[in-house]
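Data block for coords17.txt (compact mmCIF, C-alpha atoms and all ligand atoms):
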# COMPACT_ATOMS: atom_id res chain seq x y z
CA MET H 1 -3.90 59.80 -21.04
CA PRO H 2 -6.11 62.03 -18.91
CA ALA H 3 -4.12 65.28 -18.73
CA GLY H 4 -1.32 64.99 -16.23
CA LEU H 5 -1.78 61.38 -15.09
CA SER H 6 1.20 60.80 -12.81
CA PHE H 7 0.41 57.43 -11.13
CA LEU H 8 -1.95 54.50 -11.58
CA LEU H 9 -2.72 51.27 -9.72
CA SER H 10 -5.86 49.66 -11.05
CA ASN H 11 -7.67 46.39 -10.46
CA THR H 12 -11.23 45.17 -10.04
CA ASP H 13 -11.27 46.34 -6.39
CA LEU H 14 -9.83 49.81 -6.72
CA ASN H 15 -8.61 52.25 -9.31
CA ALA H 16 -6.14 54.71 -7.74
CA ARG H 17 -5.02 57.47 -10.08
CA GLY H 18 -2.83 60.48 -9.36
CA PHE H 19 -2.78 63.61 -11.51
CA GLY H 20 0.00 66.20 -11.57
CA VAL H 21 2.98 66.29 -9.21
CA ARG H 22 2.92 68.33 -6.01
CA ALA H 23 6.11 66.82 -4.57
CA ALA H 24 8.54 64.10 -5.65
CA PHE H 25 10.65 61.88 -3.38
CA GLY H 26 13.74 59.89 -4.34
CA SER H 27 13.67 57.63 -1.28
CA VAL H 28 11.24 55.85 1.03
CA ALA H 29 12.57 57.85 3.99
CA GLN H 30 11.73 61.23 2.38
CA ALA H 31 8.20 60.15 1.45
CA ARG H 32 7.61 58.66 4.90
CA GLU H 33 8.69 61.90 6.59
CA ALA H 34 6.41 64.02 4.37
CA LEU H 35 3.43 61.75 5.14
CA ALA H 36 4.21 61.76 8.86
CA ALA H 37 4.59 65.56 8.92
CA GLY H 38 1.26 65.92 7.11
CA THR H 39 2.79 67.99 4.28
CA VAL H 40 1.35 65.46 1.80
CA ASP H 41 -1.68 63.15 2.18
CA PHE H 42 -0.94 60.54 -0.52
CA VAL H 43 2.19 59.13 -2.14
CA GLY H 44 2.32 56.70 -5.04
CA GLY H 45 5.13 55.26 -7.09
CA ALA H 46 7.87 52.66 -7.30
CA LEU H 47 10.44 51.22 -4.89
CA GLY H 48 13.42 49.55 -6.54
CA PHE H 49 14.50 45.93 -6.01
CA ASP H 50 16.83 47.32 -3.32
CA THR H 51 14.28 49.09 -1.11
CA GLY H 52 17.09 51.01 0.59
CA GLY H 53 18.20 52.41 -2.79
CA PRO H 54 16.58 54.95 -5.12
CA ALA H 55 12.78 55.11 -5.26
CA SER H 56 10.45 57.26 -7.34
CA LEU H 57 7.48 58.38 -5.27
CA ILE H 58 5.22 61.34 -5.91
CA ALA H 59 2.50 63.25 -4.11
CA PRO H 60 0.00 64.05 -6.89
CA GLU H 61 -1.92 67.35 -7.08
CA ARG H 62 -5.14 65.35 -7.19
CA VAL H 63 -6.06 61.74 -6.44
CA ASP H 64 -9.04 59.92 -7.83
CA PHE H 65 -10.39 56.49 -6.69
CA SER H 66 -12.96 56.03 -9.41
CA PRO H 67 -13.85 52.47 -10.45
CA ALA H 68 -12.36 50.52 -13.35
CA ALA H 69 -9.81 51.66 -15.90
CA THR H 70 -10.91 51.57 -19.53
CA PRO H 71 -9.24 48.97 -21.73
CA ALA H 72 -7.95 50.46 -24.98
CA THR H 73 -8.45 48.89 -28.35
CA VAL H 74 -5.16 47.18 -29.05
CA ASP H 75 -4.61 48.71 -32.45
CA GLY H 76 -1.81 46.77 -34.14
CA SER H 77 1.64 45.75 -33.00
CA VAL H 78 4.02 48.52 -31.93
CA VAL H 79 7.06 46.22 -31.85
CA ALA H 80 9.80 46.93 -34.40
CA GLU H 81 12.51 44.66 -33.01
CA VAL H 82 12.86 42.46 -29.93
CA SER H 83 16.02 41.03 -28.40
CA VAL H 84 16.12 38.78 -25.36
CA THR H 85 18.90 37.40 -23.16
CA PRO H 86 19.59 34.22 -25.15
CA ASP H 87 18.23 30.93 -23.83
CA SER H 88 21.81 29.62 -23.48
CA VAL H 89 22.81 32.59 -21.30
CA HIS H 90 19.75 32.18 -19.10
CA ARG H 91 20.43 28.45 -18.77
CA GLU H 92 23.98 29.30 -17.64
CA ARG H 93 22.63 31.78 -15.07
CA VAL H 94 20.35 29.08 -13.68
CA VAL H 95 23.31 26.67 -13.45
CA ARG H 96 25.32 29.31 -11.56
CA ALA H 97 22.44 29.76 -9.13
CA LEU H 98 22.19 25.96 -8.71
CA ASP H 99 25.97 25.83 -8.01
CA ALA H 100 25.63 28.59 -5.39
CA ILE H 101 22.75 26.65 -3.78
CA ALA H 102 24.76 23.38 -3.85
CA SER H 103 27.67 25.17 -2.13
CA GLY H 104 25.33 26.26 0.69
CA ALA H 105 25.52 30.00 -0.16
CA ALA H 106 21.69 30.24 -0.44
CA GLU H 107 18.61 28.03 -0.50
CA LYS H 108 16.61 29.83 -3.20
CA VAL H 109 17.68 32.41 -5.79
CA VAL H 110 15.32 34.10 -8.29
CA VAL H 111 17.17 34.51 -11.57
CA ALA H 112 15.89 36.77 -14.35
CA ARG H 113 16.62 37.60 -17.99
CA SER H 114 15.83 40.78 -19.88
CA LEU H 115 14.14 41.81 -23.08
CA GLY H 116 14.69 45.00 -25.06
CA ALA H 117 12.33 46.19 -27.78
CA SER H 118 12.37 49.13 -30.13
CA LEU H 119 8.92 50.40 -31.07
CA THR H 120 7.56 51.32 -34.49
CA ARG H 121 6.52 54.77 -33.18
CA ALA H 122 6.46 56.82 -30.00
CA VAL H 123 3.99 55.19 -27.57
CA GLU H 124 2.77 57.24 -24.61
CA PRO H 125 2.24 55.71 -21.13
CA ALA H 126 -1.56 56.10 -21.52
CA GLU H 127 -1.60 53.83 -24.56
CA LEU H 128 0.47 51.20 -22.77
CA ILE H 129 -1.84 51.37 -19.74
CA GLY H 130 -4.80 50.75 -22.08
CA ARG H 131 -3.00 47.87 -23.80
CA PHE H 132 -2.11 46.13 -20.50
CA THR H 133 -5.68 46.67 -19.27
CA ALA H 134 -7.04 45.07 -22.45
CA THR H 135 -4.68 42.09 -22.52
CA ALA H 136 -3.90 41.16 -18.90
CA GLY H 137 -7.34 40.56 -17.43
CA GLY H 138 -7.40 39.91 -13.70
CA SER H 139 -4.02 41.43 -12.94
CA THR H 140 -3.33 44.82 -11.37
CA VAL H 141 -2.33 47.35 -14.01
CA PHE H 142 0.19 49.86 -12.74
CA ALA H 143 2.10 52.87 -14.03
CA ALA H 144 4.69 54.93 -12.17
CA ASP H 145 6.72 57.90 -13.38
CA LEU H 146 10.35 57.08 -12.52
CA SER H 147 11.62 60.68 -12.90
CA ALA H 148 12.41 61.08 -9.19
CA ALA H 149 15.10 58.34 -9.44
CA PRO H 150 18.54 59.25 -10.80
CA GLY H 151 19.11 57.94 -14.34
CA HIS H 152 15.38 57.36 -15.00
CA ASP H 153 14.23 60.90 -15.85
CA GLY H 154 11.15 60.78 -18.08
CA ASN H 155 10.93 56.98 -17.90
CA TRP H 156 7.83 55.07 -16.78
CA LEU H 157 7.43 51.63 -15.22
CA ILE H 158 4.22 50.10 -16.61
CA GLY H 159 2.86 46.58 -16.31
CA ALA H 160 0.21 44.14 -15.15
CA SER H 161 1.22 42.33 -11.95
CA PRO H 162 -0.70 39.31 -10.71
CA GLU H 163 0.99 39.47 -7.29
CA LEU H 164 -0.32 41.53 -4.36
CA LEU H 165 2.55 42.40 -2.01
CA LEU H 166 0.14 43.94 0.49
CA ARG H 167 -3.17 45.69 0.96
CA LYS H 168 -3.74 47.57 4.21
CA ARG H 169 -7.10 48.98 5.30
CA GLY H 170 -7.14 50.12 8.92
CA SER H 171 -5.78 47.26 10.99
CA ILE H 172 -6.39 44.57 8.32
CA LEU H 173 -3.45 43.45 6.23
CA GLN H 174 -3.60 41.11 3.23
CA CYS H 175 -0.72 39.61 1.22
CA VAL H 176 -1.01 37.13 -1.65
CA PRO H 177 2.49 35.81 -2.40
CA TYR H 178 3.07 33.83 -5.61
CA ALA H 179 5.90 31.33 -6.17
CA GLY H 180 6.01 28.12 -8.14
CA SER H 181 4.94 28.46 -11.77
CA ALA H 182 4.15 26.44 -14.88
CA PRO H 183 3.55 27.70 -18.44
CA LYS H 184 -0.03 27.21 -19.71
CA PHE H 185 1.12 26.73 -23.32
CA ASP H 186 4.03 24.90 -24.93
CA ALA H 187 6.47 26.44 -27.44
CA GLY H 188 4.01 25.69 -30.25
CA GLY H 189 1.17 27.52 -28.45
CA ARG H 190 -0.72 24.32 -27.50
CA PRO H 191 -2.17 24.06 -23.96
CA VAL H 192 0.06 21.95 -21.68
CA PRO H 193 -2.13 19.07 -20.44
CA ASN H 194 -2.51 18.75 -16.63
CA ALA H 195 -0.16 21.70 -16.02
CA ALA H 196 -2.15 23.04 -13.04
CA GLU H 197 -2.57 19.60 -11.39
CA GLU H 198 1.12 18.80 -11.78
CA LEU H 199 2.10 22.20 -10.37
CA SER H 200 -0.11 21.71 -7.31
CA ARG H 201 1.61 18.35 -6.64
CA SER H 202 5.20 19.35 -7.55
CA ALA H 203 7.41 18.95 -4.46
CA LYS H 204 9.98 21.31 -6.01
CA ASP H 205 7.39 24.08 -6.57
CA LEU H 206 5.78 23.61 -3.15
CA ARG H 207 9.23 24.02 -1.59
CA GLU H 208 9.91 27.10 -3.72
CA HIS H 209 6.57 28.51 -2.52
CA ALA H 210 7.15 27.68 1.15
CA TYR H 211 10.23 29.96 1.32
CA VAL H 212 7.99 32.96 0.58
CA VAL H 213 5.26 32.00 3.03
CA ASP H 214 7.82 31.31 5.80
CA TYR H 215 9.50 34.68 5.17
CA LEU H 216 6.18 36.55 5.40
CA ARG H 217 5.12 34.58 8.49
CA ASP H 218 8.42 35.47 10.22
CA LEU H 219 8.08 39.18 9.41
CA LEU H 220 4.34 39.54 10.00
CA GLN H 221 3.74 37.38 13.07
CA PRO H 222 5.46 39.86 15.44
CA LEU H 223 3.37 42.70 13.93
CA CYS H 224 0.01 40.95 14.03
CA SER H 225 -2.35 40.13 16.89
CA ARG H 226 -3.94 37.50 14.62
CA ILE H 227 -2.77 35.97 11.37
CA ALA H 228 -4.38 33.37 9.07
CA ILE H 229 -2.13 31.44 6.69
CA PRO H 230 -3.61 28.45 4.81
CA ASP H 231 -1.57 25.22 5.01
CA ARG H 232 -1.54 24.70 1.27
CA PRO H 233 -1.27 27.14 -1.64
CA GLN H 234 -3.97 27.57 -4.26
CA THR H 235 -3.36 27.22 -7.99
CA ILE H 236 -4.10 30.52 -9.75
CA SER H 237 -3.79 31.40 -13.40
CA THR H 238 -2.80 34.45 -15.43
CA ASN H 239 -3.32 34.45 -19.20
CA HIS H 240 0.01 32.70 -19.77
CA VAL H 241 1.17 31.03 -16.52
CA TRP H 242 -0.13 28.90 -13.62
CA HIS H 243 1.07 29.96 -10.17
CA LEU H 244 0.94 28.71 -6.60
CA ALA H 245 -0.49 31.46 -4.37
CA THR H 246 -1.25 31.74 -0.64
CA PRO H 247 -3.70 34.41 0.56
CA ILE H 248 -2.57 35.68 3.99
CA THR H 249 -4.72 37.87 6.26
CA GLY H 250 -3.53 39.50 9.44
CA GLU H 251 -4.75 42.00 12.01
CA LEU H 252 -2.04 44.51 12.86
CA ALA H 253 -1.38 44.94 16.58
CA ASP H 254 -0.31 48.53 15.92
CA PRO H 255 -2.30 49.81 12.91
CA THR H 256 -0.26 53.03 12.76
CA ILE H 257 2.43 51.26 10.75
CA THR H 258 1.82 52.54 7.19
CA ALA H 259 1.40 50.67 3.92
CA LEU H 260 4.58 52.42 2.69
CA GLU H 261 6.57 51.19 5.71
CA LEU H 262 5.20 47.67 5.24
CA ALA H 263 6.10 47.72 1.52
CA ALA H 264 9.69 48.71 2.35
CA LEU H 265 9.84 46.06 5.09
CA LEU H 266 8.45 43.15 3.04
CA SER H 267 9.98 43.84 -0.40
CA PRO H 268 11.80 42.07 -1.98
CA THR H 269 10.25 38.78 -0.81
CA PRO H 270 11.78 35.40 -1.74
CA ALA H 271 9.23 35.35 -4.63
CA VAL H 272 11.54 37.68 -6.55
CA CYS H 273 14.83 37.58 -4.57
CA GLY H 274 15.49 34.37 -2.64
CA THR H 275 16.43 32.91 0.74
CA PRO H 276 18.25 34.18 2.70
CA THR H 277 17.50 37.62 1.26
CA GLU H 278 20.98 39.18 1.49
CA ALA H 279 22.82 36.15 0.11
CA ALA H 280 20.32 35.74 -2.73
CA ALA H 281 20.56 39.43 -3.65
CA ARG H 282 24.36 39.14 -3.83
CA ILE H 283 24.15 36.10 -6.12
CA ILE H 284 21.58 37.89 -8.33
CA GLU H 285 23.93 40.88 -8.66
CA GLU H 286 26.80 38.57 -9.67
CA VAL H 287 24.75 36.55 -12.14
CA GLU H 288 22.53 39.26 -13.69
CA GLY H 289 24.15 42.58 -12.81
CA PRO H 290 22.27 45.28 -10.91
CA ARG H 291 18.46 45.22 -10.89
CA GLU H 292 16.76 48.59 -10.70
CA PHE H 293 12.95 48.84 -10.65
CA TYR H 294 12.11 45.31 -11.85
CA ALA H 295 11.13 43.06 -8.92
CA GLY H 296 10.62 45.99 -6.58
CA THR H 297 7.11 47.16 -5.71
CA VAL H 298 4.64 49.75 -7.01
CA GLY H 299 1.78 51.16 -4.98
CA TRP H 300 0.39 53.95 -2.86
CA CYS H 301 -0.10 55.04 0.74
CA ASP H 302 -2.53 57.65 2.08
CA ALA H 303 -2.53 59.89 5.15
CA ALA H 304 -4.27 57.18 7.23
CA GLY H 305 -1.48 54.73 6.32
CA ASP H 306 -3.78 52.63 4.14
CA GLY H 307 -2.63 51.51 0.73
CA GLU H 308 -1.93 48.80 -1.78
CA TRP H 309 1.36 47.56 -3.30
CA VAL H 310 2.00 44.98 -6.02
CA VAL H 311 5.24 43.21 -6.90
CA SER H 312 6.70 44.93 -9.99
CA ILE H 313 6.84 41.97 -12.35
CA ARG H 314 5.30 41.41 -15.83
CA CYS H 315 6.25 45.01 -16.54
CA LEU H 316 8.39 47.20 -18.76
CA GLU H 317 10.32 50.42 -18.44
CA LEU H 318 9.42 52.87 -21.22
CA ASP H 319 12.23 55.32 -21.94
CA SER H 320 11.85 59.09 -22.27
CA SER H 321 11.94 58.93 -26.10
CA ARG H 322 8.83 56.64 -25.85
CA THR H 323 10.33 54.41 -28.57
CA ARG H 324 12.22 51.84 -26.47
CA VAL H 325 11.18 49.48 -23.71
CA SER H 326 13.05 47.07 -21.43
CA ALA H 327 11.38 44.19 -19.63
CA TRP H 328 12.42 41.30 -17.39
CA ALA H 329 11.20 37.84 -16.42
CA GLY H 330 12.55 35.58 -13.71
CA GLY H 331 11.90 32.38 -11.84
CA GLY H 332 12.81 30.89 -8.49
CA ILE H 333 15.68 28.40 -8.46
CA VAL H 334 15.95 25.77 -5.71
CA ALA H 335 17.88 22.50 -5.56
CA GLY H 336 16.31 20.32 -8.25
CA SER H 337 15.32 23.16 -10.63
CA ASP H 338 15.70 22.27 -14.31
CA PRO H 339 17.46 24.92 -16.47
CA ASP H 340 15.37 24.10 -19.59
CA ALA H 341 12.11 24.41 -17.63
CA GLU H 342 13.32 27.78 -16.29
CA VAL H 343 13.94 29.00 -19.85
CA ALA H 344 10.37 27.96 -20.80
CA GLU H 345 8.93 29.60 -17.66
CA THR H 346 10.60 32.97 -18.32
CA THR H 347 9.53 32.80 -21.99
CA ALA H 348 5.91 32.35 -20.85
CA LYS H 349 6.22 35.19 -18.32
CA PHE H 350 7.42 37.58 -21.07
CA GLN H 351 4.10 37.03 -22.88
CA THR H 352 2.29 39.50 -20.58
CA VAL H 353 4.48 42.34 -21.86
CA LEU H 354 4.62 41.05 -25.44
CA SER H 355 0.82 40.67 -25.66
CA ALA H 356 0.40 44.28 -24.57
CA LEU H 357 2.78 45.45 -27.29
CA ALA H 358 1.54 43.14 -30.01
CA ASP H 359 -1.22 42.84 -32.46
CA ALA H 360 -3.95 40.66 -30.88
CA ASP H 361 -3.97 38.30 -33.88
CA ARG H 362 -0.22 38.14 -34.35
CA PRO H 363 1.47 37.53 -31.03
CA VAL H 364 5.14 38.45 -30.76
CA ARG H 365 7.28 35.69 -29.31
CA ALA H 366 10.15 36.32 -26.93
CA ASP H 367 12.51 34.46 -29.24
CA ALA H 368 11.34 36.34 -32.36
C1 LIG D 401 10.12 36.83 -10.91
C2 LIG D 401 8.93 36.74 -11.51
O1 LIG D 401 7.84 36.12 -10.96
C3 LIG D 401 7.88 35.65 -9.62
C4 LIG D 401 8.43 34.29 -9.54
C5 LIG D 401 7.62 33.18 -9.54
C6 LIG D 401 8.22 31.81 -9.57
O2 LIG D 401 9.44 31.68 -9.49
O3 LIG D 401 7.48 30.82 -9.71
C7 LIG D 401 6.22 33.33 -9.51
C8 LIG D 401 5.65 34.55 -9.41
C9 LIG D 401 6.46 35.74 -9.10
O4 LIG D 401 6.54 35.89 -7.73
C10 LIG D 401 8.68 37.37 -12.84
O5 LIG D 401 7.54 37.30 -13.33
O6 LIG D 401 9.62 37.95 -13.40
Reformat the file's structure so that it appears as structure tokens.
Ligand SMILES: C=C(O[C@@H]1C=C(C(=O)O)C=C[C@H]1O)C(=O)O
Amino acid sequence: MPAGLSFLLSNTDLNARGFGVRAAFGSVAQAREALAAGTVDFVGGALGFDTGGPASLIAPERVDFSPAATPATVDGSVVAEVSVTPDSVHRERVVRALDAIASGAAEKVVVARSLGASLTRAVEPAELIGRFTATAGGSTVFAADLSAAPGHDGNWLIGASPELLLRKRGSILQCVPYAGSAPKFDAGGRPVPNAAEELSRSAKDLREHAYVVDYLRDLLQPLCSRIAIPDRPQTISTNHVWHLATPITGELADPTITALELAALLSPTPAVCGTPTEAAARIIEEVEGPREFYAGTVGWCDAAGDGEWVVSIRCLELDSSRTRVSAWAGGGIVAGSDPDAEVAETTAKFQTVLSALADADRPVRADA
């Protein structure tokens, strides 16, 4: 790691890196005040799933927007042992979400399972950044020091998210929500025929997707003088999963609203929480237990209020000993969701993290 790297958000458009820590903030409100007062001119870091709860945001000593991160050579597997929420437990969680939906308590609930891995040796954040950069082409690689949040001292959140929560440059705002997914490969590693075509025609997935677009339209329309939302989603692929995605562009009526304020306003979207938000979050807490930084957002905001935030999925939390990681994968449940398909979808989503940890020739499977 370049000495003192304290934050990273890197994709083909922009490579934002922070070095050193000038100030740390444990909540959105503290960081927003420091930016507004002009005491800091850049903050980067992570907001939790509950954006009103703990955050870990820092103002680096130095910020660099140089192009392109360097992929590392993925030099052998670092996985000693993996354990995952069993398929049967995840299936049961999906059934509980379906029951809650059938009772009218919510319309969509995003249910996740977790993975824990012990590593063969201490692995520093820089190596994981290089591994995600090498294995998750096309996604945004991110890394945030979680030390400003209670209980996360020395931990890092590192991953490769395909999903742009928002990008703000001046008065122009872009969001690219994802929802509706299909694995690209079956359990035996063979490509699933027609997966993308079937996803683009699946009434269940289009419905699942529409909740996210409707939520963003409702929140953004009052803030925008102009907004363009395509009628139909596109089909987009990561290395392991097909997704439905809708690129949204808006012009902010009041461009002084900052990227940090927008991130706190929009996150968590129904792509990772559900509809209605509060009811879905309550069901998630009952079914999974508390979520912390998974399914929140990671990004940055500068003194002009510009910035970029991705949804914190396809990521892991590295602990302070550097020898243990935790990761999560979830999927949206709506009436008609199939528990077995949800198990397969979360297994495929775990492959982003497992590929980064594994030997390129010997992939680790989530059910290993
Ligand atoms: C919740 C996750 O992914 C989200 C859920 C999706 C879905 O339900 O289809 C698709 C993309 C993401 O918005 C995850 O990867 O853990």
TODO: Could you tell me, counting only C-alpha atoms and all ligand atoms, which protein and nucleic acid residues lie no more than 7 Å from ligand LIG 401 (chain D), written as number ranges by chain?
DONE: H: 110, 112, 163, 177-181, 243, 271-272, 295, 313-314, 328-332, 349
Would you mind exporting C-alpha atoms of the selected residues as a PDB file, in the coordinates of the input?
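Now in part_20.pdb:
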ATOM      1  CA  VAL H 110      15.320  34.100  -8.290  1.00  0.00           C
ATOM      2  CA  ALA H 112      15.890  36.770 -14.350  1.00  0.00           C
ATOM      3  CA  GLU H 163       0.990  39.470  -7.290  1.00  0.00           C
ATOM      4  CA  PRO H 177       2.490  35.810  -2.400  1.00  0.00           C
ATOM      5  CA  TYR H 178       3.070  33.830  -5.610  1.00  0.00           C
ATOM      6  CA  ALA H 179       5.900  31.330  -6.170  1.00  0.00           C
ATOM      7  CA  GLY H 180       6.010  28.120  -8.140  1.00  0.00           C
ATOM      8  CA  SER H 181       4.940  28.460 -11.770  1.00  0.00           C
ATOM      9  CA  HIS H 243       1.070  29.960 -10.170  1.00  0.00           C
ATOM     10  CA  ALA H 271       9.230  35.350  -4.630  1.00  0.00           C
ATOM     11  CA  VAL H 272      11.540  37.680  -6.550  1.00  0.00           C
ATOM     12  CA  ALA H 295      11.130  43.060  -8.920  1.00  0.00           C
ATOM     13  CA  ILE H 313       6.840  41.970 -12.350  1.00  0.00           C
ATOM     14  CA  ARG H 314       5.300  41.410 -15.830  1.00  0.00           C
ATOM     15  CA  TRP H 328      12.420  41.300 -17.390  1.00  0.00           C
ATOM     16  CA  ALA H 329      11.200  37.840 -16.420  1.00  0.00           C
ATOM     17  CA  GLY H 330      12.550  35.580 -13.710  1.00  0.00           C
ATOM     18  CA  GLY H 331      11.900  32.380 -11.840  1.00  0.00           C
ATOM     19  CA  GLY H 332      12.810  30.890  -8.490  1.00  0.00           C
ATOM     20  CA  LYS H 349       6.220  35.190 -18.320  1.00  0.00           C
TER      21      LYS H 349
END
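Using all atoms listed in the file, the nearest neighbour of Gly299 (chain H) within the list H:Gly44, H:Pro193, H:Gly170, H:Gly154 is H:Gly44.
The smallest atom-to-atom distance between Ser237 (chain H) and any of H:Gly137, H:Val311, H:Val287, H:Asp186, using all atoms listed in the file, is found for H:Gly137.
The residue set within 12 Å of Glu288 (chain H), counting all atoms listed in the file and dropping same-chain residues fewer than 3 places from it, reads Thr85, Val89, His90, Glu92, Arg93, Val94, Arg96, Ala97, Val109, Val110, Val111, Ala112, Arg113, Ser114, Ala280, Ala281, Arg282, Ile283, Ile284, Glu285, Arg291, Glu292, Trp328, Ala329 and Gly330 of chain H.
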Open item on the list: Please determine, counting only C-alpha atoms, which residue among H:Leu35, H:Thr51, H:Arg62, H:Asp302 has the shortest atom-to-atom distance to Arg22 (chain H).
Closed with: H:Arg62
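The residue that comes closest to Leu199 (chain H), out of H:Thr246, H:Cys175, H:Pro60, H:Pro183 and on the basis of all atoms listed in the file, is H:Pro183.
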Task: Two-atom distance - CA of Ser312 (chain H), CA of Gly4 (chain H) (Å) - done: 22.5 Å
Task: Protein/DNA/RNA residues near (-1.4, 49.8, 2.1), cut 9 Å, all atoms listed in the file, as an MDAnalysis selection string - done: chainID H and resid 166:170 173 258:263 299:302 305:309
Would you save the residues of that selection, restricted to C-alpha atoms, as a tab-separated table (two decimals), in the frame of the given file?
chain	number	residue	atom	x	y	z
H	166	LEU	CA	0.14	43.94	0.49
H	167	ARG	CA	-3.17	45.69	0.96
H	168	LYS	CA	-3.74	47.57	4.21
H	169	ARG	CA	-7.10	48.98	5.30
H	170	GLY	CA	-7.14	50.12	8.92
H	173	LEU	CA	-3.45	43.45	6.23
H	258	THR	CA	1.82	52.54	7.19
H	259	ALA	CA	1.40	50.67	3.92
H	260	LEU	CA	4.58	52.42	2.69
H	261	GLU	CA	6.57	51.19	5.71
H	262	LEU	CA	5.20	47.67	5.24
H	263	ALA	CA	6.10	47.72	1.52
H	299	GLY	CA	1.78	51.16	-4.98
H	300	TRP	CA	0.39	53.95	-2.86
H	301	CYS	CA	-0.10	55.04	0.74
H	302	ASP	CA	-2.53	57.65	2.08
H	305	GLY	CA	-1.48	54.73	6.32
H	306	ASP	CA	-3.78	52.63	4.14
H	307	GLY	CA	-2.63	51.51	0.73
H	308	GLU	CA	-1.93	48.80	-1.78
H	309	TRP	CA	1.36	47.56	-3.30
Task: Shell of 10 Å around Ser139 (chain H), all atoms listed in the file, local chain residues under 4 positions omitted, as number ranges by chain - done: H: 10-12, 132-133, 135, 159-164, 238-239, 310, 314
Prev. selection, C-alpha atoms, output as a PDB file, in the frame of the given file:
ATOM      1  CA  SER H  10      -5.860  49.660 -11.050  1.00  0.00           C
ATOM      2  CA  ASN H  11      -7.670  46.390 -10.460  1.00  0.00           C
ATOM      3  CA  THR H  12     -11.230  45.170 -10.040  1.00  0.00           C
ATOM      4  CA  PHE H 132      -2.110  46.130 -20.500  1.00  0.00           C
ATOM      5  CA  THR H 133      -5.680  46.670 -19.270  1.00  0.00           C
ATOM      6  CA  THR H 135      -4.680  42.090 -22.520  1.00  0.00           C
ATOM      7  CA  GLY H 159       2.860  46.580 -16.310  1.00  0.00           C
ATOM      8  CA  ALA H 160       0.210  44.140 -15.150  1.00  0.00           C
ATOM      9  CA  SER H 161       1.220  42.330 -11.950  1.00  0.00           C
ATOM     10  CA  PRO H 162      -0.700  39.310 -10.710  1.00  0.00           C
ATOM     11  CA  GLU H 163       0.990  39.470  -7.290  1.00  0.00           C
ATOM     12  CA  LEU H 164      -0.320  41.530  -4.360  1.00  0.00           C
ATOM     13  CA  THR H 238      -2.800  34.450 -15.430  1.00  0.00           C
ATOM     14  CA  ASN H 239      -3.320  34.450 -19.200  1.00  0.00           C
ATOM     15  CA  VAL H 310       2.000  44.980  -6.020  1.00  0.00           C
ATOM     16  CA  ARG H 314       5.300  41.410 -15.830  1.00  0.00           C
TER      17      ARG H 314
END
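A straight line drawn from CA of Thr346 (chain H) to CA of Gly138 (chain H) is 19.8 Å long.
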- [ ] Would you work out the distance separating CA of Arg131 (chain H) from CA of His152 (chain H), expressed in Å to one decimal?
- [x] 22.5 Å
Task: Which of H:Leu165, H:Ala335, H:Cys224, H:Val325 sits closest to Ala117 (chain H) [using only C-alpha atoms] - done: H:Val325
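With all atoms listed in the file as the atoms that count, the minimum distance from Ile158 (chain H) to the choices H:Ala126, H:Leu115, H:Ala358, H:Val63 is reached by H:Ala126.
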Open item on the list: At a cut-off of 9 Å around the point (11.0, 29.9, -2.6) (file coordinates), what residues fall inside when counting all atoms listed in the file? I'd like the answer as an MDAnalysis selection string.
Closed with: chainID H and resid 107:110 179:180 205:213 270:275 332:334
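Contact shell of Phe19 (chain H) at 12 Å (all atoms listed in the file; same-chain neighbours under 3 positions omitted): Met1, Pro2, Ala3, Gly4, Leu5, Ser6, Phe7, Leu8, Ala16, Arg22, Ala23, Phe42, Val43, Gly44, Ile58, Ala59, Pro60, Glu61, Arg62, Val63, Asp64, Phe65, Ala144 and Asp145 of chain H.
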Select region 72-83 of chain H in the preceding structure and write C-alpha atoms to a file as a CSV table (one decimal), in the first residue's frame.
chain,number,residue,atom,x,y,z
H,72,ALA,CA,-1.9,-6.9,-8.3
H,73,THR,CA,-0.7,-10.3,-9.3
H,74,VAL,CA,-3.1,-12.6,-7.5
H,75,ASP,CA,-0.4,-14.8,-5.9
H,76,GLY,CA,-2.1,-17.9,-4.6
H,77,SER,CA,-5.1,-18.4,-2.4
H,78,VAL,CA,-5.1,-16.8,1.1
H,79,VAL,CA,-8.2,-18.7,2.3
H,80,ALA,CA,-7.6,-21.2,5.1
H,81,GLU,CA,-11.2,-21.9,6.0
H,82,VAL,CA,-14.6,-20.6,4.8
H,83,SER,CA,-18.0,-20.9,6.5
